[in-house]
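Novice: After the structure tokens below, expect a handful of questions from me.
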Amino acid sequence: MDEIEIPESHPRYESLLTRHRIEHGVDLGITSRQGLIAQGRGEAYDYLLGEETIPSADDAARAAAAHLLLADHAVLSINGNVAALVPGEMVDLAAATGADLEVNLFNRTEERMQAIVDHLREHGAEEVKGLTADGRIPGLDHERAKVDADGIGDADVVLVPLEDGDRAEALASMGKTELVIDLNPLSRSAQSATVPIVDNTIRAVPNVTAHAEDLAAASDAALREIVDEFDADAALDAAEDRIRSGGE
Ligand code: PTJ
């Protein structure tokens with residue numbers, strides 16, 4: 001039961017669906033209670049952004065798709081909020097880009113790791129990494145540092161939707177190309193990203209997939225041009241301007 005019984009035309013449809021999925025995630029033991037607080041914070045920014053994908057976030061989604069397609073080894077990182085909000089959509093993005101899926105938690109427990117792996121499999125995932133935990137992100141305490149050596153440990157490009165700032169910074173300082181989805185353009189995650197997508201994860205993930213499908217036949221040179229043209233600081237400034245001006 002990850003859907004709700006209200007028509008898609010309802011003006012609050014997306015917001016209600018998001019809340020419902022997060023609540024359901026807590027009930028299933030997938031999302032942490034802190035995840036509810038994180039969601040509330042995100043919603044406030046989304047409200048100020050006009051609850052829509054702004055043009056700079058769409059450009060960022062296209063640049064993220066190009067990075068994923070160019071990567072030697074791309075990994076999509078999944079936490080308790082992402083698993084609740086967009087499980088099938090993350091599976092679709094992995095399929096469109098050839099990326100791996102890895103569960104990577106801020107508040108790691110073996111029960112929640114397994115519940116999320118099972119949830120992703122129910123949504124069509126085949127291989128899900130994260131349980132081996134034989135690699136470490138330098139600079140973080142033990143539990144928060146755990147990754148799979150042949151997953152995030154080995155990746156050159158990592159997509160981290162809705163990440164805690166410490167871990168986003170630590171991943172970026174490992175020299176990885178970091179693609180971040182975060183509704184707060186001032187967060188350390190967004191600030192440390194190679195590509196910050198300032199948008200709601202529920203809109204951004206299918207949008208990156210749509211761009212990846214659109215770019216599937218593009219040459220490496222064309223993909224590189226998209227990557228090179230993207231300006232992270234300009235994208236962050238555009239999002240902050242939208243929040244401060246309310247779109248005026
Ligand atoms: O499942 P775990 O244990 O890995 O924990 C996940 C959370 C999200 C609880 C953990 O990483 C955390 O505490 O994160 P923070 O520090 O609260 O940061 C979350 C960031 O995501 C904030 O900047 C929010 O504005 C943003 N955010 C919240 N909901 C969304 C979002 N960004 C995009 N889409 C959302 N739906």
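FYI, nothing fancy with the structure tokens labels: chains A, B, ... in order, residues from 1 per chain, ligands from 1 as they appear.
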Near Val26 in chain A, within 9 Å and counting only C-alpha atoms, which residues show up once chain neighbours fewer than 4 positions away are dropped, as a ChimeraX atom specification?

Specialist: /A:21-22,30-33,35-36,80,84

Novice: Could those selected residues go to a file with all heavy atoms, as an mmCIF file, in the first residue's frame?

Specialist:
data_model
loop_
_atom_site.group_PDB
_atom_site.id
_atom_site.type_symbol
_atom_site.label_atom_id
_atom_site.label_comp_id
_atom_site.auth_asym_id
_atom_site.auth_seq_id
_atom_site.Cartn_x
_atom_site.Cartn_y
_atom_site.Cartn_z
ATOM 1 N N ARG A 21 3.691 8.183 1.629
ATOM 2 C CA ARG A 21 4.761 7.197 1.386
ATOM 3 C C ARG A 21 5.768 7.190 2.534
ATOM 4 O O ARG A 21 6.254 6.133 2.936
ATOM 5 C CB ARG A 21 5.467 7.502 0.062
ATOM 6 C CG ARG A 21 4.614 7.118 -1.125
ATOM 7 C CD ARG A 21 5.426 7.161 -2.412
ATOM 8 N NE ARG A 21 4.573 6.842 -3.540
ATOM 9 C CZ ARG A 21 4.970 6.901 -4.801
ATOM 10 N NH1 ARG A 21 6.191 7.276 -5.100
ATOM 11 N NH2 ARG A 21 4.150 6.594 -5.783
ATOM 12 N N ILE A 22 6.096 8.371 3.055
ATOM 13 C CA ILE A 22 7.066 8.438 4.155
ATOM 14 C C ILE A 22 6.483 7.777 5.418
ATOM 15 O O ILE A 22 7.157 6.996 6.093
ATOM 16 C CB ILE A 22 7.464 9.906 4.441
ATOM 17 C CG1 ILE A 22 8.365 10.429 3.325
ATOM 18 C CG2 ILE A 22 8.136 10.059 5.794
ATOM 19 C CD1 ILE A 22 9.808 9.963 3.405
ATOM 20 N N ILE A 30 11.273 0.860 7.188
ATOM 21 C CA ILE A 30 12.234 1.254 6.154
ATOM 22 C C ILE A 30 12.807 2.644 6.460
ATOM 23 O O ILE A 30 14.006 2.876 6.365
ATOM 24 C CB ILE A 30 11.500 1.288 4.794
ATOM 25 C CG1 ILE A 30 11.265 -0.136 4.316
ATOM 26 C CG2 ILE A 30 12.240 2.108 3.774
ATOM 27 C CD1 ILE A 30 10.393 -0.192 3.099
ATOM 28 N N THR A 31 11.910 3.557 6.820
ATOM 29 C CA THR A 31 12.299 4.956 7.053
ATOM 30 C C THR A 31 12.488 5.175 8.549
ATOM 31 O O THR A 31 11.701 4.662 9.357
ATOM 32 C CB THR A 31 11.178 5.883 6.517
ATOM 33 O OG1 THR A 31 10.867 5.486 5.178
ATOM 34 C CG2 THR A 31 11.607 7.340 6.527
ATOM 35 N N SER A 32 13.517 5.955 8.908
ATOM 36 C CA SER A 32 13.730 6.253 10.325
ATOM 37 C C SER A 32 12.775 7.359 10.765
ATOM 38 O O SER A 32 12.267 8.116 9.926
ATOM 39 C CB SER A 32 15.178 6.695 10.558
ATOM 40 O OG SER A 32 15.378 7.970 9.976
ATOM 41 N N ARG A 33 12.562 7.483 12.071
ATOM 42 C CA ARG A 33 11.701 8.581 12.538
ATOM 43 C C ARG A 33 12.345 9.928 12.227
ATOM 44 O O ARG A 33 11.663 10.909 11.969
ATOM 45 C CB ARG A 33 11.389 8.407 14.027
ATOM 46 C CG ARG A 33 10.329 7.314 14.221
ATOM 47 C CD ARG A 33 10.000 7.120 15.662
ATOM 48 N NE ARG A 33 11.190 6.667 16.382
ATOM 49 C CZ ARG A 33 11.308 6.640 17.697
ATOM 50 N NH1 ARG A 33 10.310 7.050 18.448
ATOM 51 N NH2 ARG A 33 12.404 6.196 18.272
ATOM 52 N N GLY A 35 13.698 10.510 9.588
ATOM 53 C CA GLY A 35 13.328 10.724 8.190
ATOM 54 C C GLY A 35 12.072 11.569 8.055
ATOM 55 O O GLY A 35 11.905 12.302 7.081
ATOM 56 N N LEU A 36 11.171 11.460 9.048
ATOM 57 C CA LEU A 36 9.953 12.277 9.032
ATOM 58 C C LEU A 36 10.314 13.756 9.188
ATOM 59 O O LEU A 36 9.729 14.631 8.552
ATOM 60 C CB LEU A 36 9.019 11.877 10.183
ATOM 61 C CG LEU A 36 8.396 10.487 10.133
ATOM 62 C CD1 LEU A 36 7.721 10.170 11.466
ATOM 63 C CD2 LEU A 36 7.381 10.403 9.009
ATOM 64 N N GLY A 80 16.635 5.535 3.841
ATOM 65 C CA GLY A 80 15.282 5.173 4.254
ATOM 66 C C GLY A 80 14.200 6.059 3.658
ATOM 67 O O GLY A 80 13.075 5.597 3.436
ATOM 68 N N ALA A 84 11.388 4.777 0.626
ATOM 69 C CA ALA A 84 9.946 4.951 0.818
ATOM 70 C C ALA A 84 9.331 5.779 -0.302
ATOM 71 O O ALA A 84 8.238 5.495 -0.763
ATOM 72 C CB ALA A 84 9.677 5.622 2.162
#

Novice: Can you tell me which residues surround Ala216 in chain A at a distance of at most 12 Å, considering only C-alpha atoms, apart from same-chain residues fewer than 2 positions away, and format the answer as JSON, numbers by chain?

Specialist: {"A": [62, 65, 66, 68, 69, 70, 95, 96, 97, 98, 208, 209, 210, 211, 212, 213, 214, 218, 219, 220, 222, 223]}

Novice: Dump N, CA, C and O atoms for the selected residues as a short mmCIF file (atom, residue, chain, number, x, y, z; two decimals), in the first residue's frame?

Specialist:
data_model
loop_
_atom_site.label_atom_id
_atom_site.label_comp_id
_atom_site.auth_asym_id
_atom_site.auth_seq_id
_atom_site.Cartn_x
_atom_site.Cartn_y
_atom_site.Cartn_z
N ARG A 62 19.50 16.95 -16.28
CA ARG A 62 20.07 16.51 -17.57
C ARG A 62 21.59 16.29 -17.42
O ARG A 62 22.13 15.30 -17.92
N ALA A 65 22.10 13.06 -15.63
CA ALA A 65 21.89 11.92 -16.53
C ALA A 65 23.12 11.70 -17.40
O ALA A 65 23.57 10.55 -17.60
N ALA A 66 23.70 12.80 -17.90
CA ALA A 66 24.90 12.68 -18.75
C ALA A 66 26.05 12.07 -17.96
O ALA A 66 26.78 11.20 -18.45
N LEU A 68 25.84 10.06 -15.39
CA LEU A 68 25.55 8.64 -15.13
C LEU A 68 25.85 7.80 -16.37
O LEU A 68 26.38 6.69 -16.27
N LEU A 69 25.52 8.35 -17.55
CA LEU A 69 25.76 7.60 -18.79
C LEU A 69 27.24 7.53 -19.13
O LEU A 69 27.69 6.55 -19.73
N LEU A 70 28.01 8.54 -18.74
CA LEU A 70 29.45 8.56 -19.04
C LEU A 70 30.27 7.74 -18.03
O LEU A 70 31.43 7.42 -18.29
N ALA A 95 18.11 1.01 -14.35
CA ALA A 95 17.98 0.31 -15.63
C ALA A 95 18.32 1.23 -16.80
O ALA A 95 18.97 0.82 -17.77
N ALA A 96 17.93 2.49 -16.71
CA ALA A 96 18.15 3.43 -17.82
C ALA A 96 19.62 3.84 -17.95
O ALA A 96 20.03 4.30 -19.01
N THR A 97 20.38 3.69 -16.88
CA THR A 97 21.77 4.21 -16.90
C THR A 97 22.81 3.12 -16.69
O THR A 97 24.01 3.41 -16.76
N GLY A 98 22.39 1.91 -16.36
CA GLY A 98 23.36 0.84 -16.08
C GLY A 98 24.02 1.00 -14.71
O GLY A 98 25.05 0.38 -14.43
N VAL A 208 15.41 12.61 -14.06
CA VAL A 208 16.76 12.17 -14.48
C VAL A 208 16.62 10.96 -15.42
O VAL A 208 17.30 10.87 -16.45
N THR A 209 15.70 10.06 -15.07
CA THR A 209 15.48 8.88 -15.94
C THR A 209 15.02 9.30 -17.33
O THR A 209 15.52 8.79 -18.35
N ALA A 210 14.09 10.25 -17.38
CA ALA A 210 13.58 10.71 -18.68
C ALA A 210 14.73 11.31 -19.51
O ALA A 210 14.85 11.04 -20.72
N HIS A 211 15.61 12.09 -18.86
CA HIS A 211 16.75 12.67 -19.59
C HIS A 211 17.70 11.56 -20.04
O HIS A 211 18.23 11.61 -21.15
N ALA A 212 17.92 10.56 -19.18
CA ALA A 212 18.83 9.46 -19.56
C ALA A 212 18.27 8.71 -20.76
O ALA A 212 19.02 8.33 -21.68
N GLU A 213 16.96 8.51 -20.78
CA GLU A 213 16.36 7.80 -21.92
C GLU A 213 16.49 8.64 -23.19
O GLU A 213 16.80 8.13 -24.27
N ASP A 214 16.31 9.94 -23.03
CA ASP A 214 16.42 10.86 -24.16
C ASP A 214 17.86 10.89 -24.71
O ASP A 214 18.09 11.06 -25.90
N ALA A 218 23.08 9.36 -27.43
CA ALA A 218 24.02 10.49 -27.61
C ALA A 218 25.47 10.00 -27.55
O ALA A 218 25.78 9.04 -26.84
N SER A 219 26.34 10.67 -28.30
CA SER A 219 27.76 10.31 -28.29
C SER A 219 28.40 10.76 -26.98
O SER A 219 27.88 11.66 -26.30
N ASP A 220 29.57 10.18 -26.66
CA ASP A 220 30.28 10.62 -25.46
C ASP A 220 30.62 12.11 -25.56
O ASP A 220 30.56 12.82 -24.56
N ALA A 222 28.93 14.45 -27.05
CA ALA A 222 27.72 15.24 -26.76
C ALA A 222 27.42 15.22 -25.26
O ALA A 222 27.04 16.25 -24.68
N LEU A 223 27.61 14.06 -24.63
CA LEU A 223 27.36 13.98 -23.18
C LEU A 223 28.35 14.86 -22.42
O LEU A 223 27.99 15.56 -21.47
#

Novice: For a quick check of understanding, using only C-alpha atoms, which of A:Asp100, A:Ala74, A:Glu122, A:Ala57 has the smallest distance to Ala190 in chain A?

Specialist: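 Of A:Asp100, A:Ala74, A:Glu122, A:Ala57, the one nearest Ala190 in chain A is A:Ala57, counting only C-alpha atoms.
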
Novice: Set the cut-off to 6 Å, count only C-alpha atoms and all ligand atoms, and list whatever residues fall near ligand 1 as a list in words.

Specialist: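 Final answer, ordered by chain and number: Thr31, Ser32, Gln34, Gly35, Ala38, Gln39, Arg41, Gly42, Asn79, Gly80, Asn81, Leu105, Phe106, Asn107, Arg108, Leu162, Glu163, Asp164, Ile181, Asp182, Leu183, Asn184, Ser187, Asp199, Asn200 and Thr201 of chain A.
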
Novice: Quick one: of A:His119, A:Ile137, A:Met90, A:Ile197, who's nearest to Asp233 in chain A, counting only C-alpha atoms?

Specialist: A:Ile197

Novice: From the options A:Leu17, A:Val195, A:Val128, A:Ile243, which residue's atoms come nearest to Ile226 in chain A, counting only C-alpha atoms?

Specialist: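 Closest to Ile226 in chain A of all the choices is A:Val195.
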
Novice: Considering only C-alpha atoms, can you say which of A:Pro185, A:Pro196, A:Pro206, A:Gly124 comes closest to Asp237 in chain A?

Specialist: A:Pro185

Novice: Using CA of Leu179 in chain A and CA of Arg242 in chain A as the two end points, give the distance in Å to one decimal.

Specialist: 21.0 Å

Novice: Have a look at A:Ala168, A:Val147, A:Leu120, A:Val160 and name the one nearest to Asp92 in chain A; count only C-alpha atoms.

Specialist: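 Looking only at the distances to Asp92 in chain A, the closest residue turns out to be A:Leu120.
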
Novice: Can you list, as a PyMOL selection string, every residue of range 5-223 of chain A that DSSP puts in alpha helix (DSSP H)?

Specialist: chain A and resi 13-27+33-49+55-70+80-85+87-97+110-122+142-145+165-173+188-192+201-214+220-223
